[in-house]
$ cat structure_5.cif   # mmCIF, C-alpha atoms
data_coords
loop_
_atom_site.label_atom_id
_atom_site.label_comp_id
_atom_site.auth_asym_id
_atom_site.auth_seq_id
_atom_site.Cartn_x
_atom_site.Cartn_y
_atom_site.Cartn_z
CA MET F 4 4.58 34.35 -61.82
CA ASN F 5 1.61 34.75 -64.15
CA THR F 6 -0.93 33.88 -61.50
CA ALA F 7 0.77 36.39 -59.21
CA VAL F 8 0.12 39.18 -61.69
CA LYS F 9 -3.51 38.18 -62.05
CA GLU F 10 -4.13 38.18 -58.32
CA GLU F 11 -2.16 41.34 -57.69
CA SER F 12 -5.09 43.13 -56.11
CA LYS F 13 -5.31 40.42 -53.44
CA LYS F 14 -1.61 39.83 -52.97
CA MET F 15 0.59 41.97 -50.76
CA GLY F 16 2.54 44.61 -52.66
CA VAL F 17 5.93 46.06 -51.76
CA LYS F 18 4.26 48.99 -50.00
CA ASP F 19 2.31 46.61 -47.74
CA LEU F 20 5.46 44.66 -46.92
CA ILE F 21 7.32 47.85 -46.02
CA THR F 22 4.42 48.89 -43.79
CA VAL F 23 4.69 45.50 -42.09
CA GLY F 24 8.44 46.01 -41.60
CA ILE F 25 8.25 49.45 -40.01
CA PHE F 26 5.38 48.59 -37.66
CA THR F 27 7.22 45.44 -36.62
CA VAL F 28 10.12 47.63 -35.50
CA VAL F 29 7.81 49.97 -33.57
CA TYR F 30 6.01 47.03 -31.94
CA PHE F 31 9.30 45.31 -31.11
CA VAL F 32 10.64 48.41 -29.35
CA ILE F 33 7.44 48.81 -27.28
CA PHE F 34 7.51 45.10 -26.44
CA PHE F 35 11.15 45.24 -25.42
CA ILE F 36 10.79 48.31 -23.18
CA SER F 37 7.64 46.91 -21.54
CA ALA F 38 9.21 43.50 -20.98
CA MET F 39 12.22 45.12 -19.27
CA THR F 40 9.88 45.84 -16.33
CA GLY F 41 9.97 42.05 -15.85
CA MET F 42 12.97 42.62 -13.59
CA VAL F 43 10.31 43.00 -10.87
CA PRO F 44 8.59 39.62 -10.21
CA ILE F 45 5.01 40.90 -10.57
CA MET F 46 5.78 42.40 -14.00
CA ALA F 47 7.60 39.23 -15.11
CA VAL F 48 4.11 37.73 -15.02
CA PHE F 49 2.05 40.74 -16.11
CA TYR F 50 4.14 42.35 -18.87
CA PRO F 51 1.72 41.18 -21.62
CA VAL F 52 -0.88 43.48 -20.04
CA LEU F 53 1.43 46.50 -20.26
CA ILE F 54 2.28 45.69 -23.89
CA ALA F 55 -1.39 45.34 -24.85
CA LEU F 56 -2.07 48.75 -23.33
CA LEU F 57 0.90 50.62 -24.84
CA ALA F 58 0.91 49.01 -28.28
CA GLY F 59 -2.75 50.00 -28.84
CA ILE F 60 -1.89 53.24 -30.65
CA PRO F 61 0.62 51.84 -33.20
CA CYS F 62 -1.33 48.63 -33.72
CA ILE F 63 -4.67 50.32 -34.44
CA LEU F 64 -2.86 52.66 -36.83
CA PHE F 65 -1.28 49.59 -38.43
CA PHE F 66 -4.65 47.81 -38.65
CA THR F 67 -6.16 50.76 -40.55
CA LYS F 68 -3.38 50.29 -43.09
CA VAL F 69 -3.94 46.54 -43.37
CA LYS F 70 -5.90 45.83 -46.53
CA LYS F 71 -4.47 42.48 -47.56
CA PHE F 72 -4.68 39.10 -45.90
CA GLY F 73 -1.51 37.95 -44.14
CA MET F 74 -0.03 41.28 -43.06
CA ILE F 75 -0.74 40.75 -39.36
CA THR F 76 0.55 37.16 -39.54
CA ILE F 77 3.87 38.33 -40.97
CA MET F 78 4.11 41.15 -38.44
CA ALA F 79 3.44 38.81 -35.49
CA THR F 80 5.80 36.14 -36.85
CA LEU F 81 8.66 38.58 -37.43
CA SER F 82 8.17 40.14 -33.99
CA ALA F 83 8.21 36.68 -32.42
CA LEU F 84 11.36 35.77 -34.36
CA LEU F 85 13.18 38.94 -33.28
CA LEU F 86 12.08 38.40 -29.67
CA TRP F 87 13.20 34.77 -29.81
CA LEU F 88 16.63 36.12 -30.78
CA MET F 89 16.48 38.38 -27.73
CA GLY F 90 15.86 35.36 -25.48
CA TYR F 91 12.07 35.28 -25.10
CA GLY F 92 11.66 31.59 -25.91
CA TYR F 93 10.76 29.77 -29.11
CA MET F 94 7.17 29.05 -28.06
CA GLY F 95 6.31 32.64 -28.91
CA ILE F 96 6.93 31.84 -32.58
CA PHE F 97 4.09 29.30 -32.59
CA THR F 98 1.65 31.56 -30.77
CA GLY F 99 2.79 34.47 -32.94
CA VAL F 100 1.90 32.62 -36.15
CA ALA F 101 -1.36 31.22 -34.72
CA PHE F 102 -2.75 34.40 -33.13
CA GLY F 103 -1.51 36.59 -35.98
CA LEU F 104 -3.35 34.37 -38.45
CA ALA F 105 -6.50 34.45 -36.29
CA ALA F 106 -6.33 38.27 -36.16
CA ASP F 107 -5.95 38.33 -39.95
CA PHE F 108 -9.12 36.24 -40.36
CA ILE F 109 -11.04 38.49 -37.95
CA LEU F 110 -10.03 41.69 -39.77
CA LYS F 111 -10.81 40.11 -43.11
CA SER F 112 -14.30 39.21 -41.93
CA GLY F 113 -14.86 42.93 -41.29
CA ASN F 114 -13.52 43.81 -44.76
CA TYR F 115 -10.64 45.66 -43.04
CA LYS F 116 -13.01 48.52 -42.23
CA SER F 117 -14.99 47.56 -39.13
CA PHE F 118 -13.58 49.09 -35.95
CA LEU F 119 -15.31 46.42 -33.82
CA LYS F 120 -13.44 43.70 -35.74
CA MET F 121 -10.22 45.64 -35.23
CA VAL F 122 -10.78 45.65 -31.47
CA ILE F 123 -11.49 41.90 -31.45
CA GLY F 124 -8.51 41.34 -33.73
CA TYR F 125 -6.26 43.37 -31.47
CA VAL F 126 -7.43 41.43 -28.38
CA VAL F 127 -6.63 38.12 -30.12
CA PHE F 128 -3.33 39.47 -31.46
CA SER F 129 -2.28 40.68 -27.98
CA GLU F 130 -2.69 37.20 -26.53
CA TRP F 131 0.24 35.84 -28.56
CA VAL F 132 2.58 37.45 -26.00
CA ILE F 133 1.49 34.78 -23.47
CA GLY F 134 3.48 32.36 -25.66
CA THR F 135 6.71 34.04 -24.57
CA GLN F 136 5.70 33.23 -20.97
CA LEU F 137 4.67 29.61 -21.51
CA PRO F 138 8.11 28.18 -20.57
CA MET F 139 7.65 29.92 -17.22
CA PHE F 140 4.20 28.47 -16.54
CA ILE F 141 5.14 24.99 -17.78
CA GLY F 142 8.49 24.79 -15.96
CA ALA F 143 7.12 26.60 -12.87
CA GLU F 144 9.60 26.26 -9.97
CA ALA F 145 12.41 24.70 -12.00
CA TYR F 146 12.16 27.67 -14.37
CA ALA F 147 12.35 30.22 -11.55
CA GLU F 148 15.21 28.40 -9.77
CA ALA F 149 17.42 28.81 -12.85
CA PHE F 150 17.47 32.56 -12.17
CA ARG F 151 18.54 32.25 -8.52
CA GLU F 152 22.19 32.58 -9.44
CA THR F 153 21.83 35.54 -11.79
CA GLN F 154 18.82 37.44 -10.39
CA GLY F 155 19.08 36.82 -6.64
CA ASP F 156 16.91 35.15 -3.97
CA ALA F 157 14.39 37.97 -3.56
CA PHE F 158 13.45 37.88 -7.25
CA VAL F 159 13.12 34.09 -7.41
CA ASP F 160 11.08 33.79 -4.20
CA GLY F 161 8.76 36.57 -5.38
CA LEU F 162 8.37 34.94 -8.78
CA GLU F 163 7.69 31.45 -7.41
CA LYS F 164 4.71 32.73 -5.43
CA LEU F 165 3.20 34.13 -8.64
CA ILE F 166 3.57 31.21 -11.06
CA SER F 167 0.50 28.99 -11.36
CA TRP F 168 -1.94 28.06 -14.11
CA GLY F 169 -4.61 30.10 -12.32
CA MET F 170 -2.34 33.11 -12.62
CA CYS F 171 -1.88 32.33 -16.32
CA GLY F 172 -5.66 32.61 -16.70
CA VAL F 173 -5.64 35.94 -14.85
CA VAL F 174 -2.93 37.24 -17.20
CA ILE F 175 -4.94 36.16 -20.26
CA VAL F 176 -8.07 37.95 -19.05
CA ALA F 177 -6.14 41.05 -17.93
CA THR F 178 -4.38 41.20 -21.31
CA ALA F 179 -7.73 41.06 -23.11
CA VAL F 180 -9.11 43.91 -20.97
CA ALA F 181 -5.94 45.96 -21.49
CA ALA F 182 -6.13 45.30 -25.25
CA VAL F 183 -9.70 46.65 -25.40
CA ILE F 184 -8.61 49.77 -23.50
CA GLY F 185 -5.50 50.05 -25.69
CA ALA F 186 -7.57 49.76 -28.87
CA PHE F 187 -9.93 52.54 -27.75
CA ILE F 188 -6.98 54.77 -26.79
CA GLY F 189 -5.61 53.96 -30.23
CA ARG F 190 -8.82 55.07 -31.92
CA ALA F 191 -9.01 58.25 -29.82
CA VAL F 192 -5.45 59.17 -30.84
CA LEU F 193 -6.23 58.22 -34.43
CA LYS F 194 -9.22 60.61 -34.47
CA LYS F 195 -7.38 63.35 -32.59
CA HIS F 196 -4.13 63.35 -34.55
CA PHE F 197 -3.70 60.96 -37.45
CA GLU F 198 -6.89 61.47 -39.41
CA ARG F 199 -6.38 65.21 -39.33
CA ALA F 200 -2.80 64.77 -40.51
CA GLY F 201 -4.10 62.54 -43.28
CA ILE F 202 -2.05 59.48 -42.48
CA ALA F 203 -4.68 57.09 -41.15
CA MET N 22 37.24 42.17 -54.12
CA ASN N 23 36.51 45.61 -55.50
CA ARG N 24 35.93 47.81 -52.47
CA LEU N 25 33.75 50.35 -54.26
CA GLU N 26 31.34 47.71 -55.38
CA SER N 27 31.02 46.10 -52.00
CA GLY N 28 30.19 49.49 -50.52
CA ASN N 29 31.98 48.97 -47.20
CA GLU N 30 35.26 50.68 -47.97
CA GLU N 31 36.09 51.13 -44.28
CA ALA N 32 36.48 47.45 -43.43
CA LEU N 33 39.82 45.67 -43.60
CA ILE N 34 38.16 42.32 -44.23
CA ASN N 35 34.76 42.07 -45.92
CA PHE N 36 32.28 39.30 -45.28
CA ASP N 37 29.34 38.02 -47.28
CA PRO N 38 25.95 39.18 -45.91
CA ARG N 39 24.96 35.54 -45.37
CA THR N 40 28.06 34.96 -43.22
CA LYS N 41 27.17 38.00 -41.15
CA LEU N 42 23.60 36.81 -40.64
CA MET N 43 24.86 33.44 -39.45
CA LEU N 44 27.33 35.15 -37.09
CA LEU N 45 24.45 37.17 -35.66
CA LEU N 46 22.33 34.06 -35.13
CA VAL N 47 25.04 31.96 -33.46
CA VAL N 48 26.57 34.69 -31.29
CA ASN N 49 23.14 35.83 -30.13
CA THR N 50 21.98 32.33 -29.21
CA VAL N 51 25.08 31.67 -27.12
CA ILE N 52 25.33 35.08 -25.42
CA ILE N 53 21.63 35.18 -24.48
CA SER N 54 21.59 31.68 -22.96
CA ASP N 55 21.29 31.41 -19.19
CA SER N 56 23.64 28.48 -18.85
CA LYS N 57 26.40 28.92 -16.27
CA SER N 58 28.40 25.84 -17.31
CA LEU N 59 32.14 26.39 -17.55
CA LEU N 60 32.29 25.35 -21.21
CA ILE N 61 29.62 27.83 -22.28
CA SER N 62 31.08 30.63 -20.14
CA GLY N 63 34.38 30.10 -21.93
CA LEU N 64 32.64 30.13 -25.30
CA LYS N 65 30.87 33.38 -24.36
CA ILE N 66 34.22 35.05 -23.62
CA ALA N 67 35.59 33.81 -26.97
CA LEU N 68 32.59 35.27 -28.83
CA VAL N 69 32.83 38.58 -26.95
CA ILE N 70 36.43 38.76 -28.18
CA LEU N 71 35.34 37.83 -31.72
CA VAL N 72 32.93 40.78 -31.72
CA LEU N 73 35.82 42.96 -30.54
CA PHE N 74 37.88 41.85 -33.58
CA LEU N 75 35.01 42.73 -35.89
CA LEU N 76 34.83 46.25 -34.40
CA ILE N 77 38.57 46.61 -34.91
CA ASP N 78 38.01 45.36 -38.49
CA VAL N 79 35.95 48.49 -39.21
CA LYS N 80 38.60 50.60 -37.41
CA LYS N 81 36.32 51.76 -34.61
CA ILE N 82 39.08 51.79 -32.00
CA LYS N 83 37.35 54.14 -29.55
CA MET N 84 34.18 52.07 -29.72
CA SER N 85 36.14 48.82 -29.18
CA VAL N 86 37.83 50.18 -26.06
CA THR N 87 34.53 51.46 -24.62
CA TYR N 88 32.88 48.13 -25.39
CA VAL N 89 35.55 46.15 -23.54
CA LEU N 90 35.57 48.50 -20.55
CA ILE N 91 31.76 48.47 -20.14
CA TYR N 92 31.66 44.71 -20.52
CA LEU N 93 34.38 44.21 -17.87
CA LEU N 94 32.59 46.60 -15.47
CA ALA N 95 29.29 44.74 -15.92
CA THR N 96 31.00 41.38 -15.37
CA GLY N 97 32.28 42.80 -12.08
CA GLY N 98 28.72 43.89 -11.23
CA ASP N 99 27.45 40.43 -12.12
CA TYR N 100 30.00 38.91 -9.73
CA ILE N 101 28.84 41.18 -6.88
CA LEU N 102 25.20 40.19 -7.53
CA ILE N 103 25.95 36.46 -7.62
CA SER N 104 27.98 36.68 -4.41
CA GLY N 105 24.78 37.98 -2.78
CA ARG N 106 26.33 41.08 -1.21
CA ILE N 107 23.52 43.25 -2.59
CA ASN N 108 19.80 42.52 -2.24
CA GLY N 109 18.53 42.15 -5.80
CA MET N 110 15.16 43.74 -5.02
CA SER N 111 16.42 46.91 -3.31
CA ALA N 112 16.52 50.08 -5.42
CA GLY N 113 20.26 49.87 -5.96
CA GLY N 114 20.19 46.12 -6.55
CA LEU N 115 17.38 46.43 -9.11
CA THR N 116 19.23 49.14 -11.04
CA LEU N 117 22.40 47.08 -10.99
CA ARG N 118 20.50 43.98 -12.17
CA ILE N 119 18.94 45.84 -15.10
CA LEU N 120 22.31 47.37 -16.11
CA VAL N 121 24.15 44.06 -15.80
CA TYR N 122 21.41 42.25 -17.71
CA LEU N 123 21.51 44.82 -20.51
CA VAL N 124 25.29 44.74 -20.82
CA VAL N 125 26.21 41.10 -20.23
CA ARG N 126 23.31 39.60 -22.19
CA MET N 127 22.72 42.29 -24.82
CA LEU N 128 25.81 44.41 -25.47
CA PRO N 129 27.85 41.87 -27.51
CA SER N 130 24.80 41.14 -29.68
CA VAL N 131 23.99 44.83 -30.05
CA MET N 132 27.57 45.61 -31.08
CA LEU N 133 27.52 42.74 -33.58
CA ALA N 134 24.17 43.94 -34.93
CA TRP N 135 25.67 47.42 -35.29
CA PHE N 136 28.60 45.91 -37.21
CA VAL N 137 26.25 44.03 -39.53
CA LEU N 138 24.09 47.12 -40.15
CA HIS N 139 27.13 49.34 -40.62
CA THR N 140 28.84 47.09 -43.18
CA THR N 141 25.86 45.73 -45.13
CA LYS N 142 24.07 47.75 -47.78
CA VAL N 143 20.37 47.03 -48.19
CA SER N 144 20.94 46.05 -51.82
CA GLU N 145 23.60 43.54 -50.75
CA PHE N 146 21.23 42.12 -48.16
CA ILE N 147 18.42 41.74 -50.70
CA ALA N 148 20.79 40.18 -53.24
CA ALA N 149 21.95 37.66 -50.63
CA MET N 150 18.41 36.78 -49.59
CA GLN N 151 17.43 36.37 -53.23
CA ARG N 152 20.44 34.08 -53.75
CA MET N 153 19.09 31.93 -50.92
CA HIS N 154 15.68 31.81 -52.68
CA PHE N 155 13.75 33.60 -49.95
CA PRO N 156 10.41 35.00 -51.19
CA GLN N 157 9.82 38.77 -51.24
CA THR N 158 7.23 38.41 -48.49
CA ILE N 159 10.10 37.68 -46.10
CA THR N 160 12.96 39.62 -47.70
CA ILE N 161 11.29 43.03 -47.90
CA PRO N 162 9.96 43.28 -44.32
CA PHE N 163 13.35 42.03 -43.09
CA ALA N 164 15.28 44.55 -45.20
CA THR N 165 12.94 47.27 -43.92
CA ILE N 166 13.53 46.20 -40.32
CA PHE N 167 17.31 46.27 -40.84
CA ARG N 168 17.18 49.67 -42.46
CA PHE N 169 14.69 51.05 -39.97
CA PHE N 170 16.15 50.42 -36.50
CA PRO N 171 18.77 53.20 -36.72
CA THR N 172 16.22 55.56 -38.31
CA LEU N 173 13.73 55.00 -35.50
CA ALA N 174 16.42 55.76 -32.91
CA ASP N 175 17.38 58.98 -34.75
CA GLU N 176 13.77 60.11 -35.03
CA TYR N 177 13.11 59.37 -31.37
CA LEU N 178 16.16 61.35 -30.22
CA SER N 179 15.05 64.37 -32.26
CA ILE N 180 11.53 64.20 -30.80
CA GLN N 181 13.03 63.79 -27.34
CA ASP N 182 15.01 67.03 -27.85
CA ALA N 183 11.94 68.89 -29.07
CA MET N 184 9.90 67.74 -26.09
CA LYS N 185 12.67 68.70 -23.69
CA MET N 186 12.53 72.23 -25.11
CA ARG N 187 8.77 72.30 -24.52
CA ASN N 188 9.38 70.85 -21.06
CA ILE N 189 7.17 67.79 -21.61
CA ARG N 190 8.62 65.02 -19.47
CA PHE N 191 7.51 61.61 -18.30
CA GLY N 192 7.99 62.72 -14.72
CA THR N 193 5.38 65.50 -14.65
CA ASP N 194 2.63 64.01 -16.84
CA VAL N 195 2.91 60.38 -17.93
CA VAL N 196 0.02 60.48 -20.42
CA ALA N 197 1.27 63.62 -22.18
CA GLY N 198 4.80 62.22 -21.94
CA ILE N 199 3.75 59.13 -23.90
CA GLU N 200 1.26 60.82 -26.28
CA TYR N 201 3.59 63.67 -27.27
CA ARG N 202 6.32 61.18 -28.10
CA MET N 203 4.37 58.33 -29.65
CA VAL N 204 2.25 60.50 -31.99
CA PRO N 205 5.07 62.46 -33.69
CA LEU N 206 7.08 59.25 -33.88
CA LEU N 207 4.26 57.38 -35.62
CA VAL N 208 3.66 60.30 -37.99
CA SER N 209 7.30 60.33 -39.10
CA VAL N 210 7.40 56.52 -39.19
CA THR N 211 4.43 56.46 -41.58
CA LYS N 212 5.94 59.16 -43.79
CA ILE N 213 9.28 57.33 -43.93
CA GLY N 214 7.35 54.19 -44.87
CA ASP N 215 5.85 56.02 -47.86
CA GLU N 216 9.27 57.29 -48.89
CA LEU N 217 10.76 53.82 -48.62
CA SER N 218 7.98 52.46 -50.83
CA ALA N 219 8.76 55.07 -53.47
CA ALA N 220 12.47 54.25 -53.19
CA ALA N 221 11.72 50.53 -53.54
CA MET N 222 9.79 51.24 -56.74
CA THR N 223 12.69 53.15 -58.29
CA ARG N 224 14.94 50.23 -57.41
CA GLY N 225 12.66 47.90 -59.33
CA LEU N 226 11.52 45.88 -56.33
CA THR N 227 7.93 45.97 -57.51
CA THR N 228 8.54 44.05 -60.73
CA GLU N 229 7.79 40.38 -60.88
CA ASN N 230 10.99 39.57 -62.77
CA LYS N 231 14.10 38.22 -61.12
CA ARG N 232 16.30 41.16 -60.22
CA THR N 233 19.94 41.42 -61.07
CA SER N 234 22.22 43.23 -58.65
CA TYR N 235 25.28 45.42 -58.88
CA SER N 236 26.40 44.16 -55.46
CA GLU N 237 29.05 41.48 -55.62
CA ILE N 238 28.34 38.78 -53.11
CA GLY N 239 30.09 35.48 -52.72
CA PHE N 240 32.01 33.36 -50.26
CA HIS N 241 35.75 33.85 -49.78
CA LEU N 242 38.40 32.51 -47.43
CA GLN N 243 37.30 34.77 -44.55
CA ASP N 244 33.73 33.45 -44.89
CA ILE N 245 34.89 29.84 -44.79
CA ILE N 246 36.95 30.53 -41.66
CA CYS N 247 33.91 32.16 -40.11
CA PHE N 248 31.72 29.16 -40.93
CA ILE N 249 34.23 26.77 -39.35
CA LEU N 250 34.45 28.93 -36.20
CA MET N 251 30.66 29.11 -35.92
CA ALA N 252 30.25 25.36 -36.48
CA ALA N 253 32.76 24.76 -33.67
CA SER N 254 30.89 27.23 -31.44
CA VAL N 255 27.59 25.47 -32.04
CA ALA N 256 29.21 22.10 -31.24
CA ILE N 257 30.73 23.42 -27.99
CA PHE N 258 27.41 25.06 -27.08
CA VAL N 259 25.45 21.83 -27.57
CA ILE N 260 27.99 19.80 -25.58
CA GLY N 261 27.85 22.42 -22.81
CA LEU N 262 24.04 22.27 -22.71
CA LEU N 263 23.98 18.46 -22.62
CA ARG N 264 26.47 18.34 -19.75
CA GLY N 265 24.40 20.92 -17.87
#
$ encode --input "structure_5.cif" --output "structure tokens"
Amino acid sequence: MNTAVKEESKKMGVKDLITVGIFTVVYFVIFFISAMTGMVPIMAVFYPVLIALLAGIPCILFFTKVKKFGMITIMATLSALLLWLMGYGYMGIFTGVAFGLAADFILKSGNYKSFLKMVIGYVVFSEWVIGTQLPMFIGAEAYAEAFRETQGDAFVDGLEKLISWGMCGVVIVATAVAAVIGAFIGRAVLKKHFERAGIA
Amino acid sequence: MNRLESGNEEALINFDPRTKLMLLLVVNTVIISDSKSLLISGLKIALVILVLFLLIDVKKIKMSVTYVLIYLLATGGDYILISGRINGMSAGGLTLRILVYLVVRMLPSVMLAWFVLHTTKVSEFIAAMQRMHFPQTITIPFATIFRFFPTLADEYLSIQDAMKMRNIRFGTDVVAGIEYRMVPLLVSVTKIGDELSAAAMTRGLTTENKRTSYSEIGFHLQDIICFILMAASVAIFVIGLLRG
């Protein structure tokens, strides 16, 4: 307890933890809506790209509020936990922790001020979503076949054509590109609206 | 148990927050699973009925009836899809698939989550988490998430109304449709975050000392029954998975 008081400036305060909580909810909702497009085979593979694009605005706003180490890790871990509860696979929890931690290190290296580091951090952070797809790429056909009964032949046949490790690479690259675009949209919105309103 | 202290005066039977969290975890895991084995399908029906009892417990009769009707309709839709009478990729089939997916795989969990949110005060939740020795780094974001889901929905609906009045729709201009919703939402989200921080300070969450709580939490007969039911559910679920 005593050491905690001494290091208070470095440790996360209640305000930081509440910020983490509310942005987790916003991110979760965007994730969930974007992932619903996965009912179409092509989006079942490419939904991380859509998320990276749409979540740019809230995430960049969140990153400007991050001043302590660990906030992004907690946010990514909690999102992954909630999404695991919604049926997006446990592997996302591991990638959530790993990529969240990496993003934390990147932002810290820029003293939580550098926009360039925020963009890089956001690109790395966005890649954790691939973890929710890993069961699909690892199980390949067996994974797709499991949906034949519930989702119909057309969906499964379409999905089977798309699953390969090469495609996984394409998704990773596309997500990174979308994250860069998302981050710049985020900054544009930040400049246009939030800074003026005094909340960024 | 003193009803005033527990804060959920509407419920006939009150449960400990920890029991409710475990219910949420078990029911969600079973309902969301893709398994079509007979054992697990039976278990799913039992849990759907359990959720119904919980809704009746808080005397939401209208909600219970709607819940059962929608679930039965979606099960019928699911049957049509599995029988292959509708092409799953046609416009109608896709809509039906999304609706069925949302209802069959999500609705029971959503109703249970509503029950947990409706009957658990934030202070009770924090007291329970503290009793389980969770650190603040986990408890506070979690409590915020719990508290925040309904707020976010309320805020979004208000913004949606405002934008309808200004005739800004997704259909006509997608970019404006997203920008004019996301920006006001994030502004109010940030402001609410500040208010919650102030509220947390007045509740003494910022002190390093161990907090005491006015909320009475503890396990009673209904909690023990719940634990036994959930343990049985987990056992049946595992056996069902192993048998395929």
$ residues_around --input "structure_5.cif" --residues "region 13-17 of chain F" --least-positions-apart "4" --cutoff "10 Å" --atoms "all atoms listed in the file" --output "list in words"
Ala7, Val8, Lys9, Ile21, Thr22, Val23, Val69, Lys70, Lys71, Phe72, Gly73 and Met74 of chain F; Gln157, Thr158, Ile161, Pro162, Leu217, Ser218, Ala219, Ala221, Met222, Leu226, Thr227 and Thr228 of chain N
$ residues_near_point --input "structure_5.cif" --point "(-0.8, 41.2, -38.8)" --cutoff "12 Å" --atoms "all atoms listed in the file" --output "number ranges by chain"
F: 19-20, 22-24, 26-27, 30, 62-83, 99-111, 115, 121, 124-125, 127-129, 131
$ closest_atom_pairs --input "structure_5.cif" --of "chain F" --to "chain N" --cutoff "7 Å" --atoms "all atoms listed in the file" --output "JSON lines"
{"residue": "F:Met4", "atom": "CA", "partner": "N:Glu229", "partner_atom": "CA", "distance": 6.9}
{"residue": "F:Val17", "atom": "CA", "partner": "N:Thr227", "partner_atom": "CA", "distance": 6.1}
{"residue": "F:Lys18", "atom": "CA", "partner": "N:Ser218", "partner_atom": "CA", "distance": 5.2}
{"residue": "F:Leu20", "atom": "CA", "partner": "N:Pro162", "partner_atom": "CA", "distance": 5.4}
{"residue": "F:Ile21", "atom": "CA", "partner": "N:Pro162", "partner_atom": "CA", "distance": 5.5}
{"residue": "F:Thr22", "atom": "CA", "partner": "N:Gly214", "partner_atom": "CA", "distance": 6.2}
{"residue": "F:Val23", "atom": "CA", "partner": "N:Pro162", "partner_atom": "CA", "distance": 6.1}
{"residue": "F:Gly24", "atom": "CA", "partner": "N:Pro162", "partner_atom": "CA", "distance": 4.1}
{"residue": "F:Ile25", "atom": "CA", "partner": "N:Ile166", "partner_atom": "CA", "distance": 6.2}
{"residue": "F:Val28", "atom": "CA", "partner": "N:Ile166", "partner_atom": "CA", "distance": 6.1}
{"residue": "F:Met42", "atom": "CA", "partner": "N:Ile119", "partner_atom": "CA", "distance": 6.9}
{"residue": "F:Leu88", "atom": "CA", "partner": "N:Asn49", "partner_atom": "CA", "distance": 6.5}
{"residue": "F:Met89", "atom": "CA", "partner": "N:Ile53", "partner_atom": "CA", "distance": 6.9}
{"residue": "F:Gly90", "atom": "CA", "partner": "N:Ile53", "partner_atom": "CA", "distance": 5.9}
{"residue": "F:Glu152", "atom": "CA", "partner": "N:Ile103", "partner_atom": "CA", "distance": 5.7}
{"residue": "F:Thr153", "atom": "CA", "partner": "N:Ile103", "partner_atom": "CA", "distance": 5.9}
{"residue": "F:Gln154", "atom": "CA", "partner": "N:Gly109", "partner_atom": "CA", "distance": 6.6}
{"residue": "F:Gly155", "atom": "CA", "partner": "N:Gly109", "partner_atom": "CA", "distance": 5.4}
{"residue": "F:Ala157", "atom": "CA", "partner": "N:Met110", "partner_atom": "CA", "distance": 6.0}
{"residue": "F:Phe158", "atom": "CA", "partner": "N:Met110", "partner_atom": "CA", "distance": 6.5}
$ resolve_selection --input "structure_5.cif" --expression "the PyMOL selection byres ((chain N and resi 136-149) around 8)" --output "ChimeraX atom specification"
/N:27-29,32,38-39,41-42,75-76,132-135,150-153,160-161,164,167-168,233-234,236-238
$ resolve_selection --input "structure_5.cif" --expression "the PyMOL selection byres ((chain F and resi 37) around 12)" --output "list in words"
Tyr30, Phe31, Val32, Ile33, Phe34, Phe35, Ile36, Ala38, Met39, Thr40, Gly41, Met42, Val43, Met46, Ala47, Val48, Phe49, Tyr50, Pro51, Val52, Leu53, Ile54, Ala55, Leu56, Leu57, Ala58 and Val132 of chain F
$ atom_distance --input "structure_5.cif" --atom1 "CA of Pro138 (chain F)" --atom2 "CA of Met94 (chain F)"
7.6 Å
